[in-house]
Amino acid sequence: MSNKPEGPEKGKDFIRTIIDKDNETGVYGGRVHTRFPPEPNGYLHIGHAKSICLNFGVARDYQGKCNLRFDDTNPVKEDVEYVDSIREDVHWLGFDWDANFYASDYFEKLYFIAELFIKMGKAYVDHQSADEIRANRGTLKEPGVPSPHRDRTVDENLALFRAMRAGDMKDGECVLRAKIDMTAANVVMRDPTLYRIKHADHHRTGAAWCIYPMYDFTHGLSDAIEGVTHSLCTLEFENNRPLYDWCVDTLMEGLRQPELFGENAAIYNELAALPGFNQRPRQYEFARLNITGTVLSKRKLIQLVKEGHVSGWDDPRMPTICGFRRRGYTPESIRDFCERIGIAKSDSTVEFALLEHCLRQDLNDRAPRYLGVLDPVKLVIENYPEDQTDEFDMPLHPEEESFGHRVVPFSKELWIEREDFMIDPPKKFFRLGPGREVRLRFAYYVTCTGYETDPDGKVTLIRASYDPETKGGWSKDGRKVKGTLHWVSAKHGVKAEVRNYGNLFTTENPNAVEEGKTFLDYLNPDSLEVLDTCWVEPALAEMKPGTNFQFERMGYYCADSRDHKPGGRLVFNRTATLRDTWAKIQKKGDN
RNA sequence: UGGGGCGUCGUCAAGCGGUAAGACAUCAGGUUUUGGUCCUGACAUUCGGGGGUUCGAAUCCUCCCGCCCCAGCCA
């Protein structure tokens, strides 16, 4: 299809450029292996989608592999609820892992690697309190001071570490630390903690362990064990890369010293035989995703859920994958978005409008069209016979005939949108007003002959006459109308609840808040609008939960996956509005 | 001079010494039985700033400025 001239591919991100280079030099023998490594301590959000699309996308582009690996090294924060949701969300996004591992799968191996480090004189047990360790770590500008336990003998350290594992010590009594450099300019390298004691049940390993490895120790080694080649993470881990390398390098060095293996030779030989130790993984960092108008930090999302500011992780206003799913976003639109934003190293905030564009582009192609009146006012066609009914065959998609048709009944009394009528309309208003003629979509031309109001001046009923010669919405005489309105037959319409969602926050950047305020002070009190007097065409009564469609002229909607019941209560979520140039014109007029 | 990163259109983002891609947004038109879609056009003489190297610099050197990350027994 593409007949572009050859040459260096344009627009490739820096990571793929690195991989190209690696493939040229053959460091990994052409292998490309990535992993998506979430901690199961919360639900995935759109920021994770960026990482997922990158990691799985790279594997796909290079015929490589991508693992799903749960970084489950902190049992007190993690739960199976989260691992289940993460697996579901990754699948829903359209990706499948070559293997699903857990860091906890490696607890035994990691433990022996820690022992190896001790035997190499590269790790020691420190009995300083957490406070003492912090105090002795120094500051960003001053070096740290060595622990008084830093020079314990190998035998002493080994005995202590084994006692840690055996459960002989209480939480916090001591830790295993890497012996690196207390004066390192990079604070991460000042004898980082490798293992801590937690007498806590783990969601997978139960009570088997009371010591748990730290992220920095676990991550690179897990990558190496799995044969990962390119370990992609976000920018805030740049400072951790030297430690990542230190752990992998130290292990490789240790594996070259069989005299240290002792009775655990089997496990060390197994490790040495893994591809990850001949072709060691490298970490690369890219900028995490920020989107205008929302928050993407786990802490804040948890707060929104726990404090009840939203109905749950899958509240359609949430930037979580399950929130977007329930809102009606398609996986295709999210993937398209992730491709368009690119991968780079500069901190950036993408406009929400881009995501919405991707969504609309996808839904325009695939959403069937229906008629629904959300804020109804009655329209009576005075010259239309009382007991007559027309049945209009209407296409489900304006451009794509393959969507087929459905039949929509029409009768004397109809519901139309309240905002489609004005008693005293301005010149650019193309809709209904006294004496004006408009088209009822796919039905007839009607002319407004009168209206009624209540004492407050609110329109309660509109009268009109129709032209029988315009059946189907065409006029044989070539007469044109400026406006086309959607409608629902009052006699045949079905009642529905519509939930319109707006921005969760009132500010573009809820992360940058005024002094003394929190992001919660910017919650939009009007982010959810529930309309429970809507009338929709009969065909929608049997719609399956989760189905995307468009209410013509109103927006993209989907049947709610929790509350919508075919044949029963109908609940529709607004996924997105249509682009609205009329609203723009109005706004201009106001100013 | 604590260390590590980053600065190209309003927002993302290509570009890697040969004379500023693309997308979103915005604006102006056209088509239209959705004020939708679609189509057309406009939109960085300039790449954080100053010097320098070069026939030629967003790309190389240098100084300066701004922003982000790091002192968890979190990830």
# chains A, B, ... in the order shown; residues from 1 in each chain; ligands from 1
call {"tool": "closest_atom_pairs", "arguments": {"of": "chain B", "to": "chain A", "cutoff": "8 Å", "atoms": "only C-alpha atoms (C1' of nucleotides)", "output": "CSV"}}
result
residue,atom,partner,partner_atom,distance
B:G2,C1',A:Lys141,CA,4.2
B:G3,C1',A:Asn186,CA,5.0
B:G4,C1',A:Asn239,CA,5.9
B:G5,C1',A:Glu238,CA,7.6
B:C6,C1',A:Ser346,CA,5.1
B:G7,C1',A:Ser346,CA,7.9
B:U11,C1',A:Glu351,CA,5.8
B:C12,C1',A:Ile341,CA,5.6
B:A13,C1',A:Gly342,CA,6.8
B:A14,C1',A:Gly11,CA,5.1
B:A23,C1',A:Arg340,CA,7.0
B:C24,C1',A:Leu354,CA,5.2
B:A25,C1',A:Ala353,CA,7.7
B:U33,C1',A:Arg441,CA,6.1
B:U34,C1',A:Arg553,CA,4.7
B:G35,C1',A:Trp582,CA,5.0
B:G36,C1',A:Leu578,CA,6.3
B:U37,C1',A:Asn364,CA,7.2
B:C68,C1',A:Asp347,CA,7.0
B:C69,C1',A:Glu236,CA,5.4
B:C70,C1',A:Asn239,CA,6.5
B:A71,C1',A:Thr139,CA,5.1
B:C73,C1',A:Arg196,CA,5.2
B:C74,C1',A:Asn74,CA,7.9
B:A75,C1',A:Tyr215,CA,6.4
call {"tool": "select_by_dssp", "arguments": {"residues": "range 375-425 of chain A", "states": "strand (DSSP E)", "output": "ChimeraX atom specification"}}
result
/A:376-381,390-395,405-410,413-417
call {"tool": "write_last_selection", "arguments": {"atoms": "N, CA, C and O atoms", "output": "compact mmCIF listing (two decimals), in the first residue's frame"}}
result
# COMPACT_ATOMS: atom_id res chain seq x y z
N PRO A 376 -37.23 16.56 26.78
CA PRO A 376 -38.37 16.56 25.86
C PRO A 376 -39.37 17.69 26.05
O PRO A 376 -39.62 18.15 27.17
N VAL A 377 -39.93 18.11 24.93
CA VAL A 377 -41.09 19.00 24.94
C VAL A 377 -42.00 18.45 23.83
O VAL A 377 -41.50 17.94 22.83
N LYS A 378 -43.32 18.52 24.04
CA LYS A 378 -44.23 17.86 23.10
C LYS A 378 -44.51 18.71 21.87
O LYS A 378 -44.67 19.93 21.96
N LEU A 379 -44.51 18.02 20.75
CA LEU A 379 -44.84 18.66 19.48
C LEU A 379 -46.08 17.96 18.93
O LEU A 379 -46.08 16.74 18.76
N VAL A 380 -47.13 18.72 18.68
CA VAL A 380 -48.36 18.12 18.15
C VAL A 380 -48.53 18.54 16.70
O VAL A 380 -48.51 19.72 16.38
N ILE A 381 -48.66 17.53 15.82
CA ILE A 381 -48.86 17.82 14.39
C ILE A 381 -50.36 17.90 14.16
O ILE A 381 -51.04 16.87 14.09
N ASP A 390 -46.93 6.27 10.91
CA ASP A 390 -46.02 6.01 9.79
C ASP A 390 -44.89 5.18 10.34
O ASP A 390 -44.50 5.32 11.51
N GLU A 391 -44.35 4.33 9.49
CA GLU A 391 -43.17 3.58 9.92
C GLU A 391 -42.04 3.91 8.97
O GLU A 391 -42.09 3.59 7.79
N PHE A 392 -41.05 4.59 9.50
CA PHE A 392 -39.94 5.01 8.65
C PHE A 392 -38.76 4.05 8.77
O PHE A 392 -38.37 3.69 9.88
N ASP A 393 -38.26 3.70 7.63
CA ASP A 393 -37.12 2.80 7.56
C ASP A 393 -35.87 3.69 7.56
O ASP A 393 -35.61 4.39 6.60
N MET A 394 -35.14 3.66 8.66
CA MET A 394 -34.01 4.58 8.75
C MET A 394 -32.68 3.85 8.83
O MET A 394 -32.56 2.85 9.52
N PRO A 395 -31.68 4.34 8.08
CA PRO A 395 -30.37 3.69 8.09
C PRO A 395 -29.71 3.83 9.46
O PRO A 395 -29.86 4.86 10.12
N HIS A 405 -30.76 -1.20 8.60
CA HIS A 405 -31.80 -0.23 8.91
C HIS A 405 -32.60 -0.67 10.12
O HIS A 405 -32.50 -1.80 10.56
N ARG A 406 -33.41 0.23 10.63
CA ARG A 406 -34.40 -0.14 11.63
C ARG A 406 -35.63 0.70 11.33
O ARG A 406 -35.57 1.72 10.64
N VAL A 407 -36.77 0.25 11.86
CA VAL A 407 -38.03 0.94 11.62
C VAL A 407 -38.35 1.83 12.81
O VAL A 407 -38.24 1.41 13.97
N VAL A 408 -38.70 3.09 12.50
CA VAL A 408 -39.02 4.02 13.58
C VAL A 408 -40.44 4.55 13.37
O VAL A 408 -40.74 5.13 12.33
N PRO A 409 -41.30 4.33 14.35
CA PRO A 409 -42.70 4.77 14.23
C PRO A 409 -42.86 6.27 14.45
O PRO A 409 -42.15 6.87 15.26
N PHE A 410 -43.83 6.82 13.71
CA PHE A 410 -44.10 8.26 13.76
C PHE A 410 -45.60 8.44 13.98
O PHE A 410 -46.41 7.70 13.40
N GLU A 413 -48.39 12.88 17.92
CA GLU A 413 -47.69 13.56 19.00
C GLU A 413 -46.26 13.07 19.14
O GLU A 413 -46.01 11.85 19.21
N LEU A 414 -45.35 14.01 19.15
CA LEU A 414 -43.93 13.66 19.19
C LEU A 414 -43.23 14.38 20.34
O LEU A 414 -43.71 15.40 20.83
N TRP A 415 -42.08 13.84 20.71
CA TRP A 415 -41.20 14.57 21.61
C TRP A 415 -40.07 15.15 20.77
O TRP A 415 -39.56 14.48 19.88
N ILE A 416 -39.76 16.40 21.03
CA ILE A 416 -38.56 16.96 20.40
C ILE A 416 -37.71 17.61 21.50
O ILE A 416 -38.19 17.79 22.63
N GLU A 417 -36.50 17.94 21.17
CA GLU A 417 -35.57 18.50 22.14
C GLU A 417 -35.97 19.94 22.48
O GLU A 417 -36.19 20.75 21.58
call {"tool": "select_by_dssp", "arguments": {"residues": "range 348-449 of chain A", "states": "helix (DSSP H, G or I)", "output": "PyMOL selection string"}}
result
chain A and resi 352-366+401-403+418-420
call {"tool": "atom_distance", "arguments": {"atom1": "CA of Ile19 in chain A", "atom2": "CA of Val58 in chain A"}}
result
9.1 Å
call {"tool": "atom_distance", "arguments": {"atom1": "CA of Ile86 in chain A", "atom2": "CA of Phe101 in chain A"}}
result
13.0 Å
call {"tool": "residues_around", "arguments": {"residues": "Pro538 in chain A", "least_positions_apart": "4", "cutoff": "12 Å", "atoms": "only C-alpha atoms (C1' of nucleotides)", "output": "PyMOL selection string"}}
result
chain A and resi 370-372+391+406-410+488-496+542-543+566-567+570
call {"tool": "write_last_selection", "arguments": {"atoms": "N, CA and C atoms", "output": "PDB file, in the first residue's frame"}}
result
ATOM      1  N   TYR A 370     -29.150   6.380  16.454  1.00  0.00           N
ATOM      2  CA  TYR A 370     -30.519   6.249  16.939  1.00  0.00           C
ATOM      3  C   TYR A 370     -31.030   7.627  17.321  1.00  0.00           C
ATOM      4  N   LEU A 371     -32.358   7.684  17.513  1.00  0.00           N
ATOM      5  CA  LEU A 371     -32.953   8.941  17.928  1.00  0.00           C
ATOM      6  C   LEU A 371     -33.373   8.867  19.387  1.00  0.00           C
ATOM      7  N   GLY A 372     -33.036   9.902  20.119  1.00  0.00           N
ATOM      8  CA  GLY A 372     -33.439   9.964  21.517  1.00  0.00           C
ATOM      9  C   GLY A 372     -33.595  11.420  21.901  1.00  0.00           C
ATOM     10  N   GLU A 391     -44.347   4.331   9.488  1.00  0.00           N
ATOM     11  CA  GLU A 391     -43.165   3.582   9.921  1.00  0.00           C
ATOM     12  C   GLU A 391     -42.041   3.912   8.969  1.00  0.00           C
ATOM     13  N   ARG A 406     -33.408   0.234  10.631  1.00  0.00           N
ATOM     14  CA  ARG A 406     -34.403  -0.140  11.626  1.00  0.00           C
ATOM     15  C   ARG A 406     -35.632   0.699  11.328  1.00  0.00           C
ATOM     16  N   VAL A 407     -36.768   0.245  11.863  1.00  0.00           N
ATOM     17  CA  VAL A 407     -38.029   0.936  11.623  1.00  0.00           C
ATOM     18  C   VAL A 407     -38.350   1.831  12.814  1.00  0.00           C
ATOM     19  N   VAL A 408     -38.696   3.092  12.499  1.00  0.00           N
ATOM     20  CA  VAL A 408     -39.018   4.025  13.576  1.00  0.00           C
ATOM     21  C   VAL A 408     -40.437   4.554  13.370  1.00  0.00           C
ATOM     22  N   PRO A 409     -41.296   4.330  14.355  1.00  0.00           N
ATOM     23  CA  PRO A 409     -42.697   4.767  14.225  1.00  0.00           C
ATOM     24  C   PRO A 409     -42.857   6.270  14.449  1.00  0.00           C
ATOM     25  N   PHE A 410     -43.825   6.820  13.711  1.00  0.00           N
ATOM     26  CA  PHE A 410     -44.103   8.264  13.760  1.00  0.00           C
ATOM     27  C   PHE A 410     -45.604   8.437  13.977  1.00  0.00           C
ATOM     28  N   VAL A 488     -39.035  11.678  18.720  1.00  0.00           N
ATOM     29  CA  VAL A 488     -39.479  10.344  19.144  1.00  0.00           C
ATOM     30  C   VAL A 488     -40.992  10.399  19.260  1.00  0.00           C
ATOM     31  N   SER A 489     -41.655   9.400  18.705  1.00  0.00           N
ATOM     32  CA  SER A 489     -43.115   9.340  18.774  1.00  0.00           C
ATOM     33  C   SER A 489     -43.536   9.161  20.231  1.00  0.00           C
ATOM     34  N   ALA A 490     -44.412  10.041  20.691  1.00  0.00           N
ATOM     35  CA  ALA A 490     -44.836   9.983  22.097  1.00  0.00           C
ATOM     36  C   ALA A 490     -45.550   8.671  22.393  1.00  0.00           C
ATOM     37  N   LYS A 491     -46.307   8.194  21.408  1.00  0.00           N
ATOM     38  CA  LYS A 491     -47.065   6.963  21.619  1.00  0.00           C
ATOM     39  C   LYS A 491     -46.146   5.738  21.684  1.00  0.00           C
ATOM     40  N   HIS A 492     -45.047   5.780  20.951  1.00  0.00           N
ATOM     41  CA  HIS A 492     -44.185   4.594  20.829  1.00  0.00           C
ATOM     42  C   HIS A 492     -42.874   4.686  21.587  1.00  0.00           C
ATOM     43  N   GLY A 493     -42.535   5.895  22.011  1.00  0.00           N
ATOM     44  CA  GLY A 493     -41.245   6.085  22.661  1.00  0.00           C
ATOM     45  C   GLY A 493     -41.094   5.282  23.944  1.00  0.00           C
ATOM     46  N   VAL A 494     -39.839   5.046  24.303  1.00  0.00           N
ATOM     47  CA  VAL A 494     -39.524   4.293  25.515  1.00  0.00           C
ATOM     48  C   VAL A 494     -38.769   5.222  26.451  1.00  0.00           C
ATOM     49  N   LYS A 495     -39.090   5.132  27.717  1.00  0.00           N
ATOM     50  CA  LYS A 495     -38.462   5.998  28.709  1.00  0.00           C
ATOM     51  C   LYS A 495     -37.040   5.519  29.015  1.00  0.00           C
ATOM     52  N   ALA A 496     -36.167   6.444  29.255  1.00  0.00           N
ATOM     53  CA  ALA A 496     -34.778   6.060  29.550  1.00  0.00           C
ATOM     54  C   ALA A 496     -34.133   7.068  30.481  1.00  0.00           C
ATOM     55  N   GLU A 542     -34.036  -2.984  23.629  1.00  0.00           N
ATOM     56  CA  GLU A 542     -33.398  -4.297  23.758  1.00  0.00           C
ATOM     57  C   GLU A 542     -31.884  -4.235  23.643  1.00  0.00           C
ATOM     58  N   MET A 543     -31.333  -3.046  23.678  1.00  0.00           N
ATOM     59  CA  MET A 543     -29.879  -2.907  23.509  1.00  0.00           C
ATOM     60  C   MET A 543     -29.104  -3.590  24.633  1.00  0.00           C
ATOM     61  N   PRO A 566     -31.736  -4.680  29.366  1.00  0.00           N
ATOM     62  CA  PRO A 566     -32.541  -4.779  28.141  1.00  0.00           C
ATOM     63  C   PRO A 566     -33.977  -5.178  28.493  1.00  0.00           C
ATOM     64  N   GLY A 567     -34.910  -4.446  27.933  1.00  0.00           N
ATOM     65  CA  GLY A 567     -36.301  -4.757  28.203  1.00  0.00           C
ATOM     66  C   GLY A 567     -36.772  -4.219  29.548  1.00  0.00           C
ATOM     67  N   LEU A 570     -33.647   1.366  31.227  1.00  0.00           N
ATOM     68  CA  LEU A 570     -32.662   1.732  30.218  1.00  0.00           C
ATOM     69  C   LEU A 570     -31.783   2.849  30.763  1.00  0.00           C
TER      70      LEU A 570
END
call {"tool": "residues_around", "arguments": {"residues": "Leu221 in chain A", "least_positions_apart": "4", "cutoff": "7 Å", "atoms": "only C-alpha atoms (C1' of nucleotides)", "output": "ChimeraX atom specification"}}
result
/A:217,225,247-248
call {"tool": "write_last_selection", "arguments": {"atoms": "all heavy atoms", "output": "PDB file, in the first residue's frame"}}
result
ATOM      1  N   PHE A 217      16.049  -4.204  44.046  1.00  0.00           N
ATOM      2  CA  PHE A 217      16.730  -5.498  44.016  1.00  0.00           C
ATOM      3  C   PHE A 217      15.976  -6.460  43.100  1.00  0.00           C
ATOM      4  O   PHE A 217      16.560  -7.170  42.289  1.00  0.00           O
ATOM      5  CB  PHE A 217      16.792  -6.055  45.445  1.00  0.00           C
ATOM      6  CG  PHE A 217      17.439  -7.405  45.552  1.00  0.00           C
ATOM      7  CD1 PHE A 217      18.812  -7.556  45.378  1.00  0.00           C
ATOM      8  CD2 PHE A 217      16.677  -8.538  45.858  1.00  0.00           C
ATOM      9  CE1 PHE A 217      19.415  -8.815  45.489  1.00  0.00           C
ATOM     10  CE2 PHE A 217      17.275  -9.784  45.969  1.00  0.00           C
ATOM     11  CZ  PHE A 217      18.645  -9.924  45.788  1.00  0.00           C
ATOM     12  N   ILE A 225      16.088 -12.753  34.880  1.00  0.00           N
ATOM     13  CA  ILE A 225      15.579 -14.121  34.971  1.00  0.00           C
ATOM     14  C   ILE A 225      14.661 -14.438  33.792  1.00  0.00           C
ATOM     15  O   ILE A 225      14.693 -15.523  33.228  1.00  0.00           O
ATOM     16  CB  ILE A 225      14.828 -14.327  36.309  1.00  0.00           C
ATOM     17  CG1 ILE A 225      15.830 -14.343  37.471  1.00  0.00           C
ATOM     18  CG2 ILE A 225      14.001 -15.610  36.283  1.00  0.00           C
ATOM     19  CD1 ILE A 225      15.185 -14.278  38.853  1.00  0.00           C
ATOM     20  N   CYS A 247      22.798  -4.362  40.558  1.00  0.00           N
ATOM     21  CA  CYS A 247      22.236  -5.656  40.954  1.00  0.00           C
ATOM     22  C   CYS A 247      22.509  -6.712  39.894  1.00  0.00           C
ATOM     23  O   CYS A 247      22.939  -7.833  40.202  1.00  0.00           O
ATOM     24  CB  CYS A 247      20.733  -5.533  41.205  1.00  0.00           C
ATOM     25  SG  CYS A 247      20.328  -4.622  42.712  1.00  0.00           S
ATOM     26  N   VAL A 248      22.250  -6.357  38.641  1.00  0.00           N
ATOM     27  CA  VAL A 248      22.469  -7.328  37.563  1.00  0.00           C
ATOM     28  C   VAL A 248      23.956  -7.645  37.424  1.00  0.00           C
ATOM     29  O   VAL A 248      24.356  -8.820  37.331  1.00  0.00           O
ATOM     30  CB  VAL A 248      21.907  -6.790  36.230  1.00  0.00           C
ATOM     31  CG1 VAL A 248      22.257  -7.735  35.081  1.00  0.00           C
ATOM     32  CG2 VAL A 248      20.393  -6.614  36.327  1.00  0.00           C
TER      33      VAL A 248
END
call {"tool": "closest_residue", "arguments": {"among": "B:U32, B:U1, B:U53, B:U59", "to": "A20 in chain B", "atoms": "only C-alpha atoms (C1' of nucleotides)"}}
result
B:U59
call {"tool": "atom_distance", "arguments": {"atom1": "CA of Ile267 in chain A", "atom2": "CA of Glu115 in chain A"}}
result
11.9 Å
call {"tool": "decode", "arguments": {"residues": "range 13-32 of chain B", "atoms": "N, CA and C atoms (P, O5', C5', C4', C3', O3' and C1' of nucleotides)", "output": "compact mmCIF listing (two decimals), in the first residue's frame"}}
result
# COMPACT_ATOMS: atom_id res chain seq x y z
P A B 13 6.13 14.88 23.68
O5' A B 13 6.35 14.63 22.11
C5' A B 13 5.72 13.54 21.46
C4' A B 13 5.94 13.67 19.97
C3' A B 13 7.38 13.83 19.56
O3' A B 13 8.00 12.55 19.52
C1' A B 13 6.03 15.38 18.38
P A B 14 9.54 12.37 19.15
O5' A B 14 9.44 12.51 17.58
C5' A B 14 10.57 12.35 16.81
C4' A B 14 10.20 12.53 15.36
C3' A B 14 11.41 12.87 14.50
O3' A B 14 12.06 11.68 14.12
C1' A B 14 9.62 14.33 13.99
P G B 15 13.53 11.36 14.58
O5' G B 15 14.39 12.39 13.74
C5' G B 15 14.10 12.59 12.37
C4' G B 15 14.44 14.01 12.05
C3' G B 15 15.90 14.35 12.35
O3' G B 15 16.65 13.98 11.22
C1' G B 15 14.39 16.11 12.99
P C B 16 18.09 14.33 10.82
O5' C B 16 18.71 14.91 12.15
C5' C B 16 19.91 15.70 12.14
C4' C B 16 21.03 14.97 12.86
C3' C B 16 21.34 13.62 12.20
O3' C B 16 22.46 13.68 11.34
C1' C B 16 20.83 13.38 14.56
P G B 17 23.97 14.18 11.68
O5' G B 17 24.06 15.63 10.99
C5' G B 17 23.60 16.81 11.61
C4' G B 17 23.83 17.94 10.69
C3' G B 17 24.00 17.57 9.23
O3' G B 17 22.78 17.90 8.57
C1' G B 17 25.47 19.35 9.92
P G B 18 22.32 17.01 7.30
O5' G B 18 21.84 18.17 6.32
C5' G B 18 20.92 19.15 6.78
C4' G B 18 20.87 20.27 5.74
C3' G B 18 20.18 19.87 4.45
O3' G B 18 19.22 20.88 4.19
C1' G B 18 22.40 20.67 4.03
P U B 19 17.82 20.60 3.49
O5' U B 19 16.98 21.91 3.87
C5' U B 19 16.57 22.14 5.24
C4' U B 19 16.84 23.59 5.60
C3' U B 19 16.20 24.56 4.58
O3' U B 19 15.05 25.18 5.11
C1' U B 19 18.53 25.07 5.04
P A B 20 14.09 25.60 5.98
O5' A B 20 13.57 24.31 6.76
C5' A B 20 12.19 24.18 6.93
C4' A B 20 11.99 23.21 8.04
C3' A B 20 10.52 22.91 8.28
O3' A B 20 10.23 21.78 7.48
C1' A B 20 11.67 23.32 10.34
P A B 21 8.72 21.59 7.10
O5' A B 21 8.43 20.26 7.89
C5' A B 21 7.14 19.82 8.12
C4' A B 21 7.07 18.36 7.80
C3' A B 21 5.71 17.76 8.09
O3' A B 21 4.84 17.97 7.00
C1' A B 21 7.39 16.45 9.08
P G B 22 3.42 18.68 7.23
O5' G B 22 2.69 17.58 8.12
C5' G B 22 2.57 16.24 7.65
C4' G B 22 2.21 15.33 8.79
C3' G B 22 1.05 15.80 9.64
O3' G B 22 -0.20 15.48 9.04
C1' G B 22 2.81 15.12 11.05
P A B 23 -1.49 16.34 9.39
O5' A B 23 -1.82 15.86 10.87
C5' A B 23 -2.16 14.50 11.12
C4' A B 23 -2.32 14.30 12.60
C3' A B 23 -3.29 15.26 13.28
O3' A B 23 -4.64 14.83 13.14
C1' A B 23 -1.30 15.14 14.53
P C B 24 -5.81 15.90 13.08
O5' C B 24 -5.91 16.41 14.59
C5' C B 24 -6.32 15.51 15.63
C4' C B 24 -6.13 16.18 16.97
C3' C B 24 -6.84 17.50 17.15
O3' C B 24 -8.20 17.33 17.51
C1' C B 24 -4.62 17.67 17.94
P A B 25 -9.28 18.41 17.03
O5' A B 25 -8.75 19.75 17.71
C5' A B 25 -8.87 19.95 19.11
C4' A B 25 -8.24 21.27 19.51
C3' A B 25 -8.78 22.49 18.77
O3' A B 25 -9.98 22.96 19.34
C1' A B 25 -6.42 22.57 18.82
P U B 26 -11.09 23.61 18.41
O5' U B 26 -10.39 24.95 17.92
C5' U B 26 -9.98 25.94 18.86
C4' U B 26 -9.21 27.03 18.15
C3' U B 26 -9.90 27.61 16.93
O3' U B 26 -10.88 28.57 17.29
C1' U B 26 -7.64 27.18 16.42
P C B 27 -12.23 28.66 16.41
O5' C B 27 -11.74 29.47 15.12
C5' C B 27 -11.15 30.76 15.27
C4' C B 27 -10.57 31.18 13.95
C3' C B 27 -11.50 31.03 12.75
O3' C B 27 -12.41 32.10 12.65
C1' C B 27 -9.37 30.18 12.20
P A B 28 -13.84 31.86 11.91
O5' A B 28 -13.42 31.76 10.37
C5' A B 28 -12.81 32.87 9.73
C4' A B 28 -12.50 32.51 8.30
C3' A B 28 -13.64 31.81 7.57
O3' A B 28 -14.63 32.71 7.13
C1' A B 28 -11.60 30.69 7.13
P G B 29 -16.06 32.14 6.65
O5' G B 29 -15.75 31.70 5.16
C5' G B 29 -16.59 30.74 4.57
C4' G B 29 -15.86 30.14 3.41
C3' G B 29 -16.61 28.97 2.82
O3' G B 29 -17.62 29.40 1.93
C1' G B 29 -14.38 28.32 3.22
P G B 30 -19.08 28.74 2.06
O5' G B 30 -18.87 27.35 1.32
C5' G B 30 -18.40 27.33 -0.03
C4' G B 30 -18.10 25.92 -0.43
C3' G B 30 -19.18 24.91 -0.16
O3' G B 30 -20.22 24.93 -1.12
C1' G B 30 -17.11 24.04 0.53
P U B 31 -21.69 24.50 -0.71
O5' U B 31 -21.57 22.93 -0.50
C5' U B 31 -21.25 22.07 -1.61
C4' U B 31 -21.15 20.65 -1.14
C3' U B 31 -22.36 20.14 -0.37
O3' U B 31 -23.41 19.73 -1.24
C1' U B 31 -20.39 19.52 0.77
P U B 32 -24.91 19.96 -0.76
O5' U B 32 -25.04 19.04 0.52
C5' U B 32 -24.94 17.62 0.41
C4' U B 32 -24.99 17.01 1.79
C3' U B 32 -26.23 17.40 2.59
O3' U B 32 -27.31 16.52 2.30
C1' U B 32 -24.27 17.61 3.94
